[in-house]
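work.txt follows (compact mmCIF, C-alpha atoms (C1' of nucleotides)):
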```txt
# COMPACT_ATOMS: atom_id res chain seq x y z
CA MET A 1 -0.91 -10.67 -1.03
CA SER A 2 -0.08 -9.69 -4.55
CA GLU A 3 3.07 -10.96 -6.19
CA ASP A 4 4.04 -7.59 -7.66
CA VAL A 5 6.75 -6.83 -5.15
CA PHE A 6 9.20 -4.41 -6.66
CA GLU A 7 12.88 -5.25 -6.40
CA PRO A 8 15.28 -3.06 -8.37
CA ALA A 9 17.79 -4.60 -10.76
CA VAL A 10 21.42 -4.40 -9.72
CA ASP A 11 22.10 -1.59 -12.17
CA ASP A 12 19.20 0.42 -10.80
CA ILE A 13 20.42 0.41 -7.21
CA GLN A 14 21.05 4.01 -6.12
CA LEU A 15 23.60 4.74 -3.43
CA PRO A 16 21.69 7.59 -1.73
CA THR A 17 18.59 5.40 -1.57
CA VAL A 18 20.59 2.55 -0.05
CA LEU A 19 22.16 4.88 2.50
CA GLY A 20 18.76 6.30 3.34
CA ALA A 21 17.42 2.82 3.91
CA LEU A 22 20.36 2.05 6.20
CA ALA A 23 20.06 5.28 8.16
CA ASP A 24 17.41 3.89 10.50
CA PRO A 25 18.39 1.89 13.61
CA ALA A 26 15.43 -0.45 13.21
CA ARG A 27 16.29 -1.27 9.60
CA LEU A 28 19.93 -1.66 10.52
CA ALA A 29 18.96 -4.15 13.21
CA VAL A 30 16.73 -6.05 10.80
CA LEU A 31 19.49 -6.20 8.21
CA ARG A 32 22.03 -7.53 10.71
CA ARG A 33 19.60 -10.09 11.94
CA LEU A 34 18.94 -11.20 8.39
CA HIS A 35 22.65 -11.37 7.71
CA GLU A 36 23.33 -13.73 10.59
CA VAL A 37 20.21 -15.82 10.17
CA GLY A 38 20.30 -15.93 6.38
CA GLU A 39 16.56 -15.87 5.83
CA ALA A 40 13.62 -14.93 8.00
CA ALA A 41 9.92 -14.19 7.87
CA CYS A 42 8.47 -10.80 8.72
CA GLY A 43 6.70 -11.88 11.87
CA THR A 44 9.73 -13.78 13.07
CA LEU A 45 11.85 -10.68 12.61
CA ALA A 46 9.49 -8.48 14.57
CA ILE A 47 10.00 -10.73 17.57
CA THR A 48 13.55 -12.02 17.18
CA ALA A 49 15.21 -8.70 16.42
CA ASN A 50 13.66 -7.41 19.67
CA LEU A 51 12.65 -4.05 18.29
CA GLY A 52 9.48 -2.94 19.95
CA LEU A 53 7.69 -2.26 16.71
CA SER A 54 4.26 -3.12 15.44
CA LYS A 55 3.63 -5.58 12.66
CA SER A 56 2.77 -2.86 10.15
CA THR A 57 5.87 -0.85 10.97
CA VAL A 58 8.16 -3.82 10.43
CA SER A 59 6.37 -4.50 7.16
CA HIS A 60 7.01 -0.91 6.16
CA HIS A 61 10.73 -1.14 6.97
CA LEU A 62 11.03 -4.35 4.98
CA LYS A 63 9.44 -2.59 2.04
CA VAL A 64 11.98 0.24 2.26
CA LEU A 65 14.87 -2.23 2.40
CA ARG A 66 13.51 -4.22 -0.51
CA GLU A 67 12.85 -1.21 -2.73
CA ALA A 68 16.34 0.11 -2.02
CA GLY A 69 17.69 -3.18 -3.37
CA LEU A 70 19.04 -4.47 -0.07
CA THR A 71 16.78 -7.48 0.36
CA SER A 72 14.95 -10.08 -1.66
CA THR A 73 11.61 -11.71 -0.87
CA ARG A 74 10.59 -15.27 -1.52
CA PHE A 75 7.04 -16.58 -1.18
CA VAL A 76 6.42 -19.69 0.90
CA GLY A 77 2.80 -20.34 1.66
CA THR A 78 1.37 -17.50 3.71
CA SER A 79 4.83 -16.38 4.73
CA ARG A 80 7.46 -14.33 2.95
CA LEU A 81 11.06 -15.19 3.52
CA VAL A 82 13.33 -12.19 3.34
CA SER A 83 17.08 -12.37 2.72
CA VAL A 84 19.91 -9.91 2.09
CA ARG A 85 21.06 -9.48 -1.52
CA GLU A 86 24.69 -9.68 -0.46
CA HIS A 87 26.03 -10.56 -3.89
CA ASP A 88 24.11 -7.84 -5.70
CA MET A 89 25.09 -5.27 -3.10
CA GLU A 90 28.71 -6.20 -3.50
CA ILE A 91 28.38 -5.39 -7.19
CA ALA A 92 26.40 -2.19 -6.75
CA CYS A 93 28.16 -0.77 -3.69
CA PRO A 94 31.32 -2.77 -3.03
CA GLY A 95 32.34 -2.95 0.60
CA LEU A 96 29.33 -1.07 1.88
CA LEU A 97 27.49 -3.97 3.48
CA ALA A 98 30.62 -5.23 5.18
CA ALA A 99 31.32 -1.77 6.59
CA VAL A 100 27.77 -1.34 7.84
CA ILE A 101 27.09 -4.80 9.20
CA GLY A 102 30.54 -5.42 10.59
CA VAL A 103 30.50 -2.56 13.06
CA HIS A 104 29.81 -3.85 16.56
CA THR A 105 30.45 -0.85 18.77
CA HIS A 106 27.62 1.24 17.41
CA ALA A 107 23.89 0.84 17.55
CA MET B 1 30.67 33.56 14.09
CA SER B 2 31.02 31.83 17.39
CA GLU B 3 33.71 29.22 17.94
CA ASP B 4 31.41 26.71 19.59
CA VAL B 5 31.10 24.42 16.61
CA PHE B 6 30.19 20.96 17.79
CA GLU B 7 32.25 18.08 16.48
CA PRO B 8 31.68 14.69 18.10
CA ALA B 9 34.58 12.70 19.50
CA VAL B 10 35.50 9.55 17.61
CA ASP B 11 33.83 7.36 20.24
CA ASP B 12 30.62 9.34 19.97
CA ILE B 13 30.20 8.86 16.24
CA GLN B 14 26.95 7.00 15.63
CA LEU B 15 26.58 4.84 12.54
CA PRO B 16 22.90 5.66 11.85
CA THR B 17 23.67 9.37 12.11
CA VAL B 18 26.58 9.02 9.71
CA LEU B 19 24.45 7.06 7.25
CA GLY B 20 21.70 9.65 7.52
CA ALA B 21 24.19 12.38 6.76
CA LEU B 22 25.40 10.46 3.72
CA ALA B 23 21.91 9.71 2.44
CA ASP B 24 21.58 13.05 0.65
CA PRO B 25 22.96 13.50 -2.88
CA ALA B 26 24.06 17.06 -2.14
CA ARG B 27 26.02 16.05 0.97
CA LEU B 28 27.47 13.09 -0.89
CA ALA B 29 28.69 15.46 -3.61
CA VAL B 30 30.14 17.84 -1.04
CA LEU B 31 31.95 15.00 0.69
CA ARG B 32 33.44 13.67 -2.53
CA ARG B 33 34.52 17.14 -3.51
CA LEU B 34 36.16 17.60 -0.11
CA HIS B 35 37.84 14.24 -0.43
CA GLU B 36 39.51 15.08 -3.74
CA VAL B 37 40.31 18.69 -2.89
CA GLY B 38 41.40 18.03 0.67
CA GLU B 39 40.09 21.24 2.18
CA ALA B 40 37.62 23.85 0.99
CA ALA B 41 35.63 26.85 2.20
CA CYS B 42 31.84 26.88 2.31
CA GLY B 43 31.40 29.46 -0.41
CA THR B 44 33.91 27.75 -2.64
CA LEU B 45 32.04 24.47 -2.24
CA ALA B 46 28.71 26.01 -3.16
CA ILE B 47 30.16 26.96 -6.54
CA THR B 48 32.74 24.27 -7.26
CA ALA B 49 30.58 21.28 -6.47
CA ASN B 50 28.03 22.63 -8.98
CA LEU B 51 25.00 21.92 -6.86
CA GLY B 52 22.43 24.61 -7.46
CA LEU B 53 21.99 25.35 -3.79
CA SER B 54 21.81 28.58 -1.84
CA LYS B 55 24.47 29.68 0.60
CA SER B 56 22.34 28.89 3.63
CA THR B 57 21.47 25.43 2.36
CA VAL B 58 25.11 24.52 1.83
CA SER B 59 25.87 25.83 5.29
CA HIS B 60 23.12 23.61 6.66
CA HIS B 61 24.50 20.53 4.90
CA LEU B 62 27.97 21.25 6.22
CA LYS B 63 26.53 21.44 9.71
CA VAL B 64 24.88 18.04 9.30
CA LEU B 65 28.12 16.51 8.04
CA ARG B 66 30.12 18.07 10.85
CA GLU B 67 27.72 17.03 13.62
CA ALA B 68 27.67 13.49 12.27
CA GLY B 69 31.45 13.43 12.69
CA LEU B 70 32.28 13.31 9.00
CA THR B 71 34.03 16.64 8.69
CA SER B 72 36.19 19.02 10.65
CA THR B 73 36.19 22.80 10.49
CA ARG B 74 39.19 25.09 10.80
CA PHE B 75 38.96 28.86 11.19
CA VAL B 76 40.99 31.07 8.90
CA GLY B 77 40.04 34.71 8.96
CA THR B 78 36.46 35.15 7.86
CA SER B 79 36.48 31.74 6.15
CA ARG B 80 36.09 28.23 7.51
CA LEU B 81 38.03 25.49 5.88
CA VAL B 82 36.23 22.17 5.96
CA SER B 83 37.92 18.80 5.55
CA VAL B 84 36.95 15.15 5.84
CA ARG B 85 37.87 13.35 9.08
CA GLU B 86 39.14 10.38 7.12
CA HIS B 87 41.27 8.96 9.91
CA ASP B 88 38.56 9.25 12.55
CA MET B 89 35.99 7.74 10.25
CA GLU B 90 38.28 4.83 9.56
CA ILE B 91 38.34 4.15 13.30
CA ALA B 92 34.63 4.66 13.89
CA CYS B 93 33.25 3.01 10.75
CA PRO B 94 36.07 1.13 9.00
CA GLY B 95 35.70 0.90 5.26
CA LEU B 96 32.58 3.02 5.09
CA LEU B 97 34.08 6.13 3.55
CA ALA B 98 35.94 4.14 0.93
CA ALA B 99 32.77 2.30 -0.01
CA VAL B 100 30.75 5.48 -0.26
CA ILE B 101 33.25 7.78 -1.94
CA GLY B 102 34.75 5.18 -4.24
CA VAL B 103 31.56 4.40 -6.11
CA HIS B 104 31.57 6.10 -9.50
CA THR B 105 28.54 4.68 -11.23
CA HIS B 106 25.99 6.13 -8.88
CA ALA B 107 24.95 9.69 -8.21
C1' DG C 1 35.51 53.93 12.35
C1' DG C 2 33.05 52.35 8.16
C1' DC C 3 32.09 49.13 4.75
C1' DA C 4 32.38 44.81 2.19
C1' DT C 5 32.81 39.72 2.70
C1' DC C 6 31.92 35.21 4.67
C1' DG C 7 29.25 32.21 7.00
C1' DT C 8 25.58 31.07 10.51
C1' DA C 9 20.95 31.42 12.74
C1' DC C 10 16.15 32.11 12.30
C1' DG C 11 11.49 31.63 10.56
C1' DA C 12 8.77 29.73 7.12
C1' DC C 13 7.05 26.41 3.96
C1' DG C 14 6.27 22.10 1.77
C1' DT C 15 7.41 17.44 1.69
C1' DA C 16 8.83 13.12 3.41
C1' DC C 17 9.16 9.81 7.14
C1' DA C 18 8.24 6.68 11.32
C1' DT C 19 4.72 4.94 13.78
C1' DC C 20 0.35 3.01 14.96
C1' DG C 21 -4.33 0.54 14.76
C1' DA C 22 -7.67 -1.27 11.96
C1' DA C 23 -9.24 -3.11 7.78
C1' DC C 24 -8.20 -6.09 4.05
C1' DA C 25 -6.25 -10.13 1.05
C1' DA C 26 -4.10 -14.82 0.46
C1' DA C 27 -3.09 -19.14 1.65
C1' DC C 28 -3.30 -23.04 4.76
C1' DG C 29 -5.76 -26.68 7.84
C1' DC C 30 -9.75 -28.96 9.25
C1' DG D 1 -16.45 -23.60 3.27
C1' DC D 2 -14.71 -21.42 7.66
C1' DG D 3 -11.70 -19.73 10.72
C1' DT D 4 -6.80 -18.87 11.61
C1' DT D 5 -2.49 -17.24 10.50
C1' DT D 6 0.51 -13.97 7.87
C1' DG D 7 1.54 -9.92 5.92
C1' DT D 8 0.17 -5.64 3.28
C1' DT D 9 -2.43 -1.35 2.77
C1' DC D 10 -4.86 2.57 4.36
C1' DG D 11 -5.69 6.63 6.82
C1' DA D 12 -4.02 9.46 10.53
C1' DT D 13 -0.69 11.87 13.30
C1' DG D 14 3.35 13.87 14.83
C1' DT D 15 7.99 14.71 13.75
C1' DA D 16 11.98 15.49 10.96
C1' DC D 17 14.09 17.18 6.76
C1' DG D 18 15.48 20.17 2.60
C1' DT D 19 15.13 24.53 0.89
C1' DC D 20 14.97 29.40 0.71
C1' DG D 21 15.43 34.50 1.83
C1' DT D 22 16.63 37.58 5.16
C1' DA D 23 18.77 39.20 9.11
C1' DC D 24 22.66 38.91 12.06
C1' DG D 25 27.73 38.53 13.71
C1' DA D 26 32.60 38.45 12.90
C1' DT D 27 36.51 39.43 10.45
C1' DG D 28 39.45 41.96 7.19
C1' DC D 29 40.58 46.16 4.52
C1' DC D 30 40.81 51.03 3.70
```
Once more with this new file: its structure as structure tokens, please.
Amino acid sequence: MSEDVFEPAVDDIQLPTVLGALADPARLAVLRRLHEVGEAACGTLAITANLGLSKSTVSHHLKVLREAGLTSTRFVGTSRLVSVREHDMEIACPGLLAAVIGVHTHA
Amino acid sequence: MSEDVFEPAVDDIQLPTVLGALADPARLAVLRRLHEVGEAACGTLAITANLGLSKSTVSHHLKVLREAGLTSTRFVGTSRLVSVREHDMEIACPGLLAAVIGVHTHA
DNA sequence: GGCATCGTACGACGTACATCGAACAAACGC
DNA sequence: GCGTTTGTTCGATGTACGTCGTACGATGCC
């Protein structure tokens, strides 16, 4: 588990990349779950967000979210706690998170 | 040119589909152009939006935008005038369009 | 009717993506 | 130190996507 996890600076967050990261139902579900929980570990997410995905797939999705600038990762023992970069996103793409997370009627 | 162009009803607009449609720089440019112009023809867009894309590619992107529910097409002679379904989008995904179109600092 | 114009549909091609299982690396507990 | 837990990485595989040129269909003009 190397520490060289790439997280873009606020100024380097690209809108198309963010939208691409959000364009997947699984990642959308993960992001909403993270938003309401605040912080969660990868394994916990795989179970709690009740997406029927394998461990490696969830890990992959978390990587996409992180590299798009949507999430941040914190190391605690053998776990990694992931959280949404709400403040940074509000600076980079104002209103986007609220619009995407706040919608209830759509999957 | 058949008239059977599919445009989803407001209730059938899916957030992941919309986000997927927005996740392409070319489509984002087209949408912004449409937003400021109000209405434009396919050929006009291909030139005005200064994306170096072929006619068929622009047509393809317009199809993606339309099927996602983002745009509406109106038939006028041999041309098709495309416009953004701003009102419908505001109902389906409130705040999303504003967040995506209003960002200036990102491509 | 005949011809130009506008846009779509069709194949084709290369690339990117979502998904999985298995193998690996790191850190903890005993 | 050893095994367990946690998460990443590595192929591999099938699917989807972006792009193009060309061929087609529909409409307007002479």
Next item on the list: Find, counting only C-alpha atoms, the residue in A:Ala26, A:Cys42, A:Leu19, A:Leu97 that gets nearest to Lys55 (chain A).
Entry: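 Closest candidate: A:Cys42.
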LSQ fit chain A -> chain B, C-alpha in sequence order, output as a PDB file with C-alpha atoms, in the frame of the given file:
```
ATOM      1  CA  MET A   1      30.690  33.550  13.985  1.00  0.00           C
ATOM      2  CA  SER A   2      30.992  31.810  17.290  1.00  0.00           C
ATOM      3  CA  GLU A   3      33.701  29.248  17.855  1.00  0.00           C
ATOM      4  CA  ASP A   4      31.407  26.733  19.549  1.00  0.00           C
ATOM      5  CA  VAL A   5      31.107  24.416  16.589  1.00  0.00           C
ATOM      6  CA  PHE A   6      30.221  20.966  17.795  1.00  0.00           C
ATOM      7  CA  GLU A   7      32.271  18.070  16.482  1.00  0.00           C
ATOM      8  CA  PRO A   8      31.686  14.683  18.103  1.00  0.00           C
ATOM      9  CA  ALA A   9      34.586  12.679  19.503  1.00  0.00           C
ATOM     10  CA  VAL A  10      35.493   9.526  17.623  1.00  0.00           C
ATOM     11  CA  ASP A  11      33.835   7.339  20.237  1.00  0.00           C
ATOM     12  CA  ASP A  12      30.623   9.325  19.984  1.00  0.00           C
ATOM     13  CA  ILE A  13      30.194   8.841  16.248  1.00  0.00           C
ATOM     14  CA  GLN A  14      26.934   6.963  15.622  1.00  0.00           C
ATOM     15  CA  LEU A  15      26.558   4.832  12.525  1.00  0.00           C
ATOM     16  CA  PRO A  16      22.878   5.639  11.841  1.00  0.00           C
ATOM     17  CA  THR A  17      23.652   9.347  12.124  1.00  0.00           C
ATOM     18  CA  VAL A  18      26.568   9.000   9.713  1.00  0.00           C
ATOM     19  CA  LEU A  19      24.431   7.055   7.254  1.00  0.00           C
ATOM     20  CA  GLY A  20      21.693   9.644   7.539  1.00  0.00           C
ATOM     21  CA  ALA A  21      24.172  12.385   6.780  1.00  0.00           C
ATOM     22  CA  LEU A  22      25.382  10.461   3.728  1.00  0.00           C
ATOM     23  CA  ALA A  23      21.894   9.715   2.448  1.00  0.00           C
ATOM     24  CA  ASP A  24      21.578  13.054   0.665  1.00  0.00           C
ATOM     25  CA  PRO A  25      22.961  13.531  -2.870  1.00  0.00           C
ATOM     26  CA  ALA A  26      24.060  17.083  -2.111  1.00  0.00           C
ATOM     27  CA  ARG A  27      26.007  16.050   0.985  1.00  0.00           C
ATOM     28  CA  LEU A  28      27.475  13.113  -0.876  1.00  0.00           C
ATOM     29  CA  ALA A  29      28.679  15.467  -3.594  1.00  0.00           C
ATOM     30  CA  VAL A  30      30.152  17.846  -1.033  1.00  0.00           C
ATOM     31  CA  LEU A  31      31.949  15.007   0.716  1.00  0.00           C
ATOM     32  CA  ARG A  32      33.461  13.709  -2.524  1.00  0.00           C
ATOM     33  CA  ARG A  33      34.549  17.152  -3.491  1.00  0.00           C
ATOM     34  CA  LEU A  34      36.178  17.608  -0.113  1.00  0.00           C
ATOM     35  CA  HIS A  35      37.872  14.248  -0.430  1.00  0.00           C
ATOM     36  CA  GLU A  36      39.523  15.105  -3.727  1.00  0.00           C
ATOM     37  CA  VAL A  37      40.344  18.692  -2.869  1.00  0.00           C
ATOM     38  CA  GLY A  38      41.414  18.022   0.707  1.00  0.00           C
ATOM     39  CA  GLU A  39      40.113  21.248   2.188  1.00  0.00           C
ATOM     40  CA  ALA A  40      37.646  23.849   1.012  1.00  0.00           C
ATOM     41  CA  ALA A  41      35.646  26.826   2.190  1.00  0.00           C
ATOM     42  CA  CYS A  42      31.864  26.855   2.286  1.00  0.00           C
ATOM     43  CA  GLY A  43      31.395  29.415  -0.444  1.00  0.00           C
ATOM     44  CA  THR A  44      33.921  27.698  -2.658  1.00  0.00           C
ATOM     45  CA  LEU A  45      32.044  24.437  -2.262  1.00  0.00           C
ATOM     46  CA  ALA A  46      28.715  25.960  -3.185  1.00  0.00           C
ATOM     47  CA  ILE A  47      30.175  26.943  -6.535  1.00  0.00           C
ATOM     48  CA  THR A  48      32.741  24.241  -7.267  1.00  0.00           C
ATOM     49  CA  ALA A  49      30.571  21.249  -6.433  1.00  0.00           C
ATOM     50  CA  ASN A  50      28.037  22.643  -8.936  1.00  0.00           C
ATOM     51  CA  LEU A  51      24.997  21.917  -6.828  1.00  0.00           C
ATOM     52  CA  GLY A  52      22.418  24.567  -7.433  1.00  0.00           C
ATOM     53  CA  LEU A  53      21.950  25.341  -3.780  1.00  0.00           C
ATOM     54  CA  SER A  54      21.765  28.552  -1.837  1.00  0.00           C
ATOM     55  CA  LYS A  55      24.423  29.671   0.583  1.00  0.00           C
ATOM     56  CA  SER A  56      22.291  28.888   3.630  1.00  0.00           C
ATOM     57  CA  THR A  57      21.435  25.419   2.383  1.00  0.00           C
ATOM     58  CA  VAL A  58      25.076  24.517   1.845  1.00  0.00           C
ATOM     59  CA  SER A  59      25.832  25.851   5.310  1.00  0.00           C
ATOM     60  CA  HIS A  60      23.102  23.618   6.674  1.00  0.00           C
ATOM     61  CA  HIS A  61      24.484  20.525   4.923  1.00  0.00           C
ATOM     62  CA  LEU A  62      27.962  21.258   6.234  1.00  0.00           C
ATOM     63  CA  LYS A  63      26.526  21.454   9.723  1.00  0.00           C
ATOM     64  CA  VAL A  64      24.878  18.044   9.321  1.00  0.00           C
ATOM     65  CA  LEU A  65      28.124  16.511   8.062  1.00  0.00           C
ATOM     66  CA  ARG A  66      30.123  18.066  10.866  1.00  0.00           C
ATOM     67  CA  GLU A  67      27.734  17.032  13.631  1.00  0.00           C
ATOM     68  CA  ALA A  68      27.668  13.483  12.280  1.00  0.00           C
ATOM     69  CA  GLY A  69      31.447  13.418  12.703  1.00  0.00           C
ATOM     70  CA  LEU A  70      32.285  13.301   9.006  1.00  0.00           C
ATOM     71  CA  THR A  71      34.037  16.645   8.689  1.00  0.00           C
ATOM     72  CA  SER A  72      36.188  19.023  10.665  1.00  0.00           C
ATOM     73  CA  THR A  73      36.216  22.819  10.497  1.00  0.00           C
ATOM     74  CA  ARG A  74      39.187  25.102  10.809  1.00  0.00           C
ATOM     75  CA  PHE A  75      38.961  28.877  11.174  1.00  0.00           C
ATOM     76  CA  VAL A  76      41.002  31.073   8.851  1.00  0.00           C
ATOM     77  CA  GLY A  77      40.056  34.706   8.939  1.00  0.00           C
ATOM     78  CA  THR A  78      36.476  35.147   7.797  1.00  0.00           C
ATOM     79  CA  SER A  79      36.501  31.760   6.126  1.00  0.00           C
ATOM     80  CA  ARG A  80      36.079  28.258   7.485  1.00  0.00           C
ATOM     81  CA  LEU A  81      38.041  25.494   5.893  1.00  0.00           C
ATOM     82  CA  VAL A  82      36.239  22.187   5.968  1.00  0.00           C
ATOM     83  CA  SER A  83      37.942  18.806   5.582  1.00  0.00           C
ATOM     84  CA  VAL A  84      36.942  15.148   5.858  1.00  0.00           C
ATOM     85  CA  ARG A  85      37.877  13.336   9.081  1.00  0.00           C
ATOM     86  CA  GLU A  86      39.137  10.352   7.118  1.00  0.00           C
ATOM     87  CA  HIS A  87      41.270   8.945   9.912  1.00  0.00           C
ATOM     88  CA  ASP A  88      38.573   9.226  12.558  1.00  0.00           C
ATOM     89  CA  MET A  89      35.990   7.718  10.239  1.00  0.00           C
ATOM     90  CA  GLU A  90      38.262   4.802   9.556  1.00  0.00           C
ATOM     91  CA  ILE A  91      38.328   4.141  13.289  1.00  0.00           C
ATOM     92  CA  ALA A  92      34.621   4.654  13.881  1.00  0.00           C
ATOM     93  CA  CYS A  93      33.243   3.003  10.741  1.00  0.00           C
ATOM     94  CA  PRO A  94      36.040   1.121   8.993  1.00  0.00           C
ATOM     95  CA  GLY A  95      35.680   0.893   5.242  1.00  0.00           C
ATOM     96  CA  LEU A  96      32.566   3.016   5.082  1.00  0.00           C
ATOM     97  CA  LEU A  97      34.085   6.135   3.559  1.00  0.00           C
ATOM     98  CA  ALA A  98      35.950   4.147   0.944  1.00  0.00           C
ATOM     99  CA  ALA A  99      32.762   2.319  -0.027  1.00  0.00           C
ATOM    100  CA  VAL A 100      30.754   5.523  -0.253  1.00  0.00           C
ATOM    101  CA  ILE A 101      33.263   7.797  -1.930  1.00  0.00           C
ATOM    102  CA  GLY A 102      34.751   5.205  -4.228  1.00  0.00           C
ATOM    103  CA  VAL A 103      31.564   4.465  -6.119  1.00  0.00           C
ATOM    104  CA  HIS A 104      31.597   6.205  -9.490  1.00  0.00           C
ATOM    105  CA  THR A 105      28.600   4.756 -11.283  1.00  0.00           C
ATOM    106  CA  HIS A 106      26.018   6.189  -8.936  1.00  0.00           C
ATOM    107  CA  ALA A 107      24.961   9.713  -8.189  1.00  0.00           C
TER     108      ALA A 107
END
```
Margin query: Would you mind listing, as number ranges by chain, all residues of chain A that have at least one atom within 8 Å of chain D, where only C-alpha atoms (C1' of nucleotides) are what counts?
Written below: A: 1, 42-43, 56, 59, 78-80
With 4 Å added on each side, what axis-aligned box encloses every listed atom of region 76-86 of chain B? Give the centre and edge lengths in Å to one decimal, as AutoDock Vina command-line options.
```
--center_x 38.5 --center_y 22.8 --center_z 7.3 --size_x 12.9 --size_y 32.8 --size_z 11.5
```
Next item on the list: For chain C, report every residue with an atom at most 9 Å from chain A (counting only C-alpha atoms (C1' of nucleotides)), formatted as a list in words.
Entry: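 Every residue meeting the condition is included here: DA18, DT19, DC20, DA25, DA26, DA27 and DC28 of chain C.
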Place N, CA and C atoms on region 49-60 of chain B and deliver the coordinates as a PDB file, in the coordinates of the input.
```pdb
ATOM      1  N   ALA B  49      31.232  22.582  -6.427  1.00  0.00           N
ATOM      2  CA  ALA B  49      30.580  21.280  -6.470  1.00  0.00           C
ATOM      3  C   ALA B  49      29.357  21.312  -7.389  1.00  0.00           C
ATOM      4  N   ASN B  50      29.167  22.399  -8.073  1.00  0.00           N
ATOM      5  CA  ASN B  50      28.030  22.630  -8.980  1.00  0.00           C
ATOM      6  C   ASN B  50      26.709  21.998  -8.556  1.00  0.00           C
ATOM      7  N   LEU B  51      26.341  22.219  -7.306  1.00  0.00           N
ATOM      8  CA  LEU B  51      25.000  21.920  -6.860  1.00  0.00           C
ATOM      9  C   LEU B  51      24.301  23.267  -6.868  1.00  0.00           C
ATOM     10  N   GLY B  52      23.107  23.322  -7.376  1.00  0.00           N
ATOM     11  CA  GLY B  52      22.430  24.610  -7.460  1.00  0.00           C
ATOM     12  C   GLY B  52      21.758  24.979  -6.158  1.00  0.00           C
ATOM     13  N   LEU B  53      22.560  25.114  -5.106  1.00  0.00           N
ATOM     14  CA  LEU B  53      21.990  25.350  -3.790  1.00  0.00           C
ATOM     15  C   LEU B  53      22.391  26.713  -3.246  1.00  0.00           C
ATOM     16  N   SER B  54      21.532  27.281  -2.434  1.00  0.00           N
ATOM     17  CA  SER B  54      21.810  28.580  -1.840  1.00  0.00           C
ATOM     18  C   SER B  54      22.879  28.453  -0.766  1.00  0.00           C
ATOM     19  N   LYS B  55      23.429  29.590  -0.413  1.00  0.00           N
ATOM     20  CA  LYS B  55      24.470  29.680   0.600  1.00  0.00           C
ATOM     21  C   LYS B  55      24.019  29.035   1.913  1.00  0.00           C
ATOM     22  N   SER B  56      22.819  29.385   2.339  1.00  0.00           N
ATOM     23  CA  SER B  56      22.340  28.890   3.630  1.00  0.00           C
ATOM     24  C   SER B  56      22.115  27.379   3.601  1.00  0.00           C
ATOM     25  N   THR B  57      21.699  26.871   2.467  1.00  0.00           N
ATOM     26  CA  THR B  57      21.470  25.430   2.360  1.00  0.00           C
ATOM     27  C   THR B  57      22.789  24.672   2.447  1.00  0.00           C
ATOM     28  N   VAL B  58      23.812  25.163   1.753  1.00  0.00           N
ATOM     29  CA  VAL B  58      25.110  24.520   1.830  1.00  0.00           C
ATOM     30  C   VAL B  58      25.632  24.568   3.258  1.00  0.00           C
ATOM     31  N   SER B  59      25.453  25.688   3.891  1.00  0.00           N
ATOM     32  CA  SER B  59      25.870  25.830   5.290  1.00  0.00           C
ATOM     33  C   SER B  59      25.168  24.790   6.164  1.00  0.00           C
ATOM     34  N   HIS B  60      23.886  24.601   5.922  1.00  0.00           N
ATOM     35  CA  HIS B  60      23.120  23.610   6.660  1.00  0.00           C
ATOM     36  C   HIS B  60      23.685  22.206   6.453  1.00  0.00           C
TER      37      HIS B  60
END
```
